[in-house]
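Chemist: The structure that follows is given in the form of structure tokens.
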Amino acid sequence: MGMGAHARWIEPDWLSVRTYRLNPNPTLRIAHFTDIHHRGDEARLREVVRTVDTLKPDFAVFTGDLVEEADMFAPALEILATLRCPLYGIAGNHDYWARVDFGLARTALARTGGAWLKDTALDVGNGRVRLLALDRLPAVAKPRDGVFNLVLMHYPVWADRLPYKADLLLAGHSHGGQVRIPFYGALVKPHDVGRYELGWYDTPAGRLYVNPGIGSLKVDFRFNCRPEVTLFEI
């Protein structure tokens with residue numbers, strides 16, 4: 001009973017922050033979050049915004065699944081638009097299934113100084129980072145020499161299918177399984193996750209980090225898999 005109560009009432013709102021220094025002398029801070037699945041819980045989403053703002057990143061990135069229902073899209077974007085750093089985001093499968101108006105996302109993220117991206121490359125961070133936003137395969141956006149190439153994709157398994165290598169790949173979608181058994185891992189995984197459940201992996205396309213997400217699928221239930229905002233120092 002105690003573990004069940006923890007997984008239902010404690011862990012889904014127990015937001016964690018992980019920081020990874022990828023450069024011994026970092027000059028740029030990038031925050032990553034994903035898979036919000038906003039169903040109207042404004043307090044949870046505002047806590048994500050507050051946490052990101054506290055980290056003071058140069059910019060933040062979001063890798064899909066903002067909502068499950070179209071009527072939640074505008075309210076979620078209104079909260080994200082209050083971020084005090086540029087936010088760059090891409091869609092996930094649930095955003096497409098909900099048939100949301102992506103024009104709303106373009107407007108909201110532009111208010112932060114960022115952008116809603118789809119199959120495009122964009123140079124950010126004063127030209128030091130090239131964002132490669134993947135919405136489909138084969139990849140349309142291409143890396144560039146002499147900068148930090150950062151891939152944003154929703155599905156982790158796409159790391160096995162990219163035709164190039166990048167410096168860092170960020171994905172979500174897996175939710176880390178939501179319920180993780182020690183020494184075993186996720187009990188259940190969505191499609192297009194493969195072996196990339198949670199955390200760091202070496203892949204054919206470069207180093208991949210899979211974030212466990214903020215929200216939950218179907219049931220608001222997490223065990224040994226806290227929601228997370230990740231900070232990368234490069």
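Residues are named by chain letter and number: chains run A, B, ... in the order of the structure tokens, numbers start at 1 in each chain, and ligands are numbered from 1 in the order shown.
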Kindly provide the residues of range 60-80 of chain A that approach range 23-40 of chain A to within 7 Å, each paired with its closest atom pair and their distance in Å to one decimal, based on only C-alpha atoms, listed by chain and increasing number, as a tab-separated table.
Modeler:
residue	atom	partner	partner_atom	distance
A:Ala60	CA	A:Ala31	CA	4.5
A:Val61	CA	A:His32	CA	5.0
A:Phe62	CA	A:Thr34	CA	5.1
A:Thr63	CA	A:Thr34	CA	5.0
A:Gly64	CA	A:Asp35	CA	5.7
A:Asp65	CA	A:Asp35	CA	4.6
A:Leu66	CA	A:Ile36	CA	5.0
A:Val67	CA	A:His37	CA	4.3
A:Glu68	CA	A:His37	CA	5.9
A:Met72	CA	A:Arg39	CA	6.3
A:Ala76	CA	A:His38	CA	6.6
Chemist: Next, dump the selected residues to file, keeping only N, CA and C atoms, as a PDB file, in the first residue's frame.
Modeler:
ATOM      1  N   ALA A  60      16.091  26.563 -23.767  1.00  0.00           N
ATOM      2  CA  ALA A  60      15.510  25.278 -23.397  1.00  0.00           C
ATOM      3  C   ALA A  60      14.958  24.597 -24.639  1.00  0.00           C
ATOM      4  N   VAL A  61      14.880  23.253 -24.568  1.00  0.00           N
ATOM      5  CA  VAL A  61      14.326  22.480 -25.684  1.00  0.00           C
ATOM      6  C   VAL A  61      13.283  21.498 -25.136  1.00  0.00           C
ATOM      7  N   PHE A  62      12.278  21.252 -25.962  1.00  0.00           N
ATOM      8  CA  PHE A  62      11.165  20.361 -25.626  1.00  0.00           C
ATOM      9  C   PHE A  62      11.002  19.370 -26.768  1.00  0.00           C
ATOM     10  N   THR A  63      10.905  18.069 -26.449  1.00  0.00           N
ATOM     11  CA  THR A  63      10.902  17.059 -27.509  1.00  0.00           C
ATOM     12  C   THR A  63       9.583  16.299 -27.635  1.00  0.00           C
ATOM     13  N   GLY A  64       8.466  17.004 -27.511  1.00  0.00           N
ATOM     14  CA  GLY A  64       7.201  16.452 -27.955  1.00  0.00           C
ATOM     15  C   GLY A  64       6.251  15.922 -26.899  1.00  0.00           C
ATOM     16  N   ASP A  65       5.008  15.725 -27.341  1.00  0.00           N
ATOM     17  CA  ASP A  65       3.874  15.277 -26.526  1.00  0.00           C
ATOM     18  C   ASP A  65       3.527  16.295 -25.442  1.00  0.00           C
ATOM     19  N   LEU A  66       3.121  17.454 -25.883  1.00  0.00           N
ATOM     20  CA  LEU A  66       2.664  18.481 -24.950  1.00  0.00           C
ATOM     21  C   LEU A  66       1.294  18.121 -24.384  1.00  0.00           C
ATOM     22  N   VAL A  67       0.422  17.562 -25.218  1.00  0.00           N
ATOM     23  CA  VAL A  67      -0.950  17.263 -24.799  1.00  0.00           C
ATOM     24  C   VAL A  67      -1.419  15.936 -25.380  1.00  0.00           C
ATOM     25  N   GLU A  68      -2.606  15.528 -24.939  1.00  0.00           N
ATOM     26  CA  GLU A  68      -3.315  14.383 -25.515  1.00  0.00           C
ATOM     27  C   GLU A  68      -4.635  14.814 -26.142  1.00  0.00           C
ATOM     28  N   MET A  72      -6.413  21.228 -24.593  1.00  0.00           N
ATOM     29  CA  MET A  72      -5.392  21.492 -23.584  1.00  0.00           C
ATOM     30  C   MET A  72      -4.167  22.202 -24.165  1.00  0.00           C
ATOM     31  N   ALA A  76      -1.664  25.024 -22.143  1.00  0.00           N
ATOM     32  CA  ALA A  76      -0.292  24.599 -21.863  1.00  0.00           C
ATOM     33  C   ALA A  76       0.713  25.563 -22.471  1.00  0.00           C
TER      34      ALA A  76
END
Chemist: Counting only C-alpha atoms, figure out which residue out of A:Ala141, A:Val100, A:Leu198, A:Val188 gets nearest to Tyr155 in chain A.
Modeler: A:Leu198
Chemist: Rounded to one decimal, what separation in Å do you get between CA of Pro12 in chain A and CA of Pro212 in chain A?
Modeler: 11.2 Å
Chemist: Need the shell around Arg222 in chain A: protein/DNA/RNA residues with any atom at most 6 Å away, counting only C-alpha atoms. Skip same-chain ones fewer than 4 positions apart. Format as a PyMOL selection string?
Modeler: chain A and resi 7+11-12+178-179
Chemist: Can you spit out the residues from that selection as a JSON list (two decimals), in the first residue's frame, using N, CA and C atoms?
Modeler:
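Result file is again.json:
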[["chain", "number", "residue", "atom", "x", "y", "z"],
["A", 7, "ALA", "N", 3.81, 5.86, -5.56],
["A", 7, "ALA", "CA", 3.83, 5.88, -7.02],
["A", 7, "ALA", "C", 2.67, 6.68, -7.60],
["A", 11, "GLU", "N", 5.47, 10.48, -6.39],
["A", 11, "GLU", "CA", 6.49, 10.53, -7.44],
["A", 11, "GLU", "C", 6.08, 11.29, -8.70],
["A", 12, "PRO", "N", 4.83, 11.25, -9.15],
["A", 12, "PRO", "CA", 4.48, 12.00, -10.36],
["A", 12, "PRO", "C", 4.75, 13.51, -10.26],
["A", 178, "GLN", "N", 7.94, 4.59, -16.88],
["A", 178, "GLN", "CA", 7.12, 5.05, -15.74],
["A", 178, "GLN", "C", 7.26, 4.16, -14.51],
["A", 179, "VAL", "N", 7.20, 2.88, -14.69],
["A", 179, "VAL", "CA", 7.43, 1.94, -13.59],
["A", 179, "VAL", "C", 8.70, 1.15, -13.91]]
Chemist: Just want the 9 Å neighbourhood of range 78-82 of chain A, counted on only C-alpha atoms, with same-chain residues fewer than 3 positions away dropped. Output as a list of chain:residue names.
Modeler: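 Contacts, with the query itself left out: A:Glu42, A:Leu45, A:Arg46, A:Val48, A:Val49, A:Phe73, A:Ala74, A:Pro75, A:Cys85, A:Leu87, A:Ala108, A:Leu109, A:Ala110, A:Arg111, A:Thr112.
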Chemist: Write out as a PyMOL selection string the set of residues from range 14-212 of chain A that DSSP, computed on the backbone, places in helix (DSSP H, G or I).
Modeler: chain A and resi 42-55+70-80+93-97+102-111+156-160+175-177
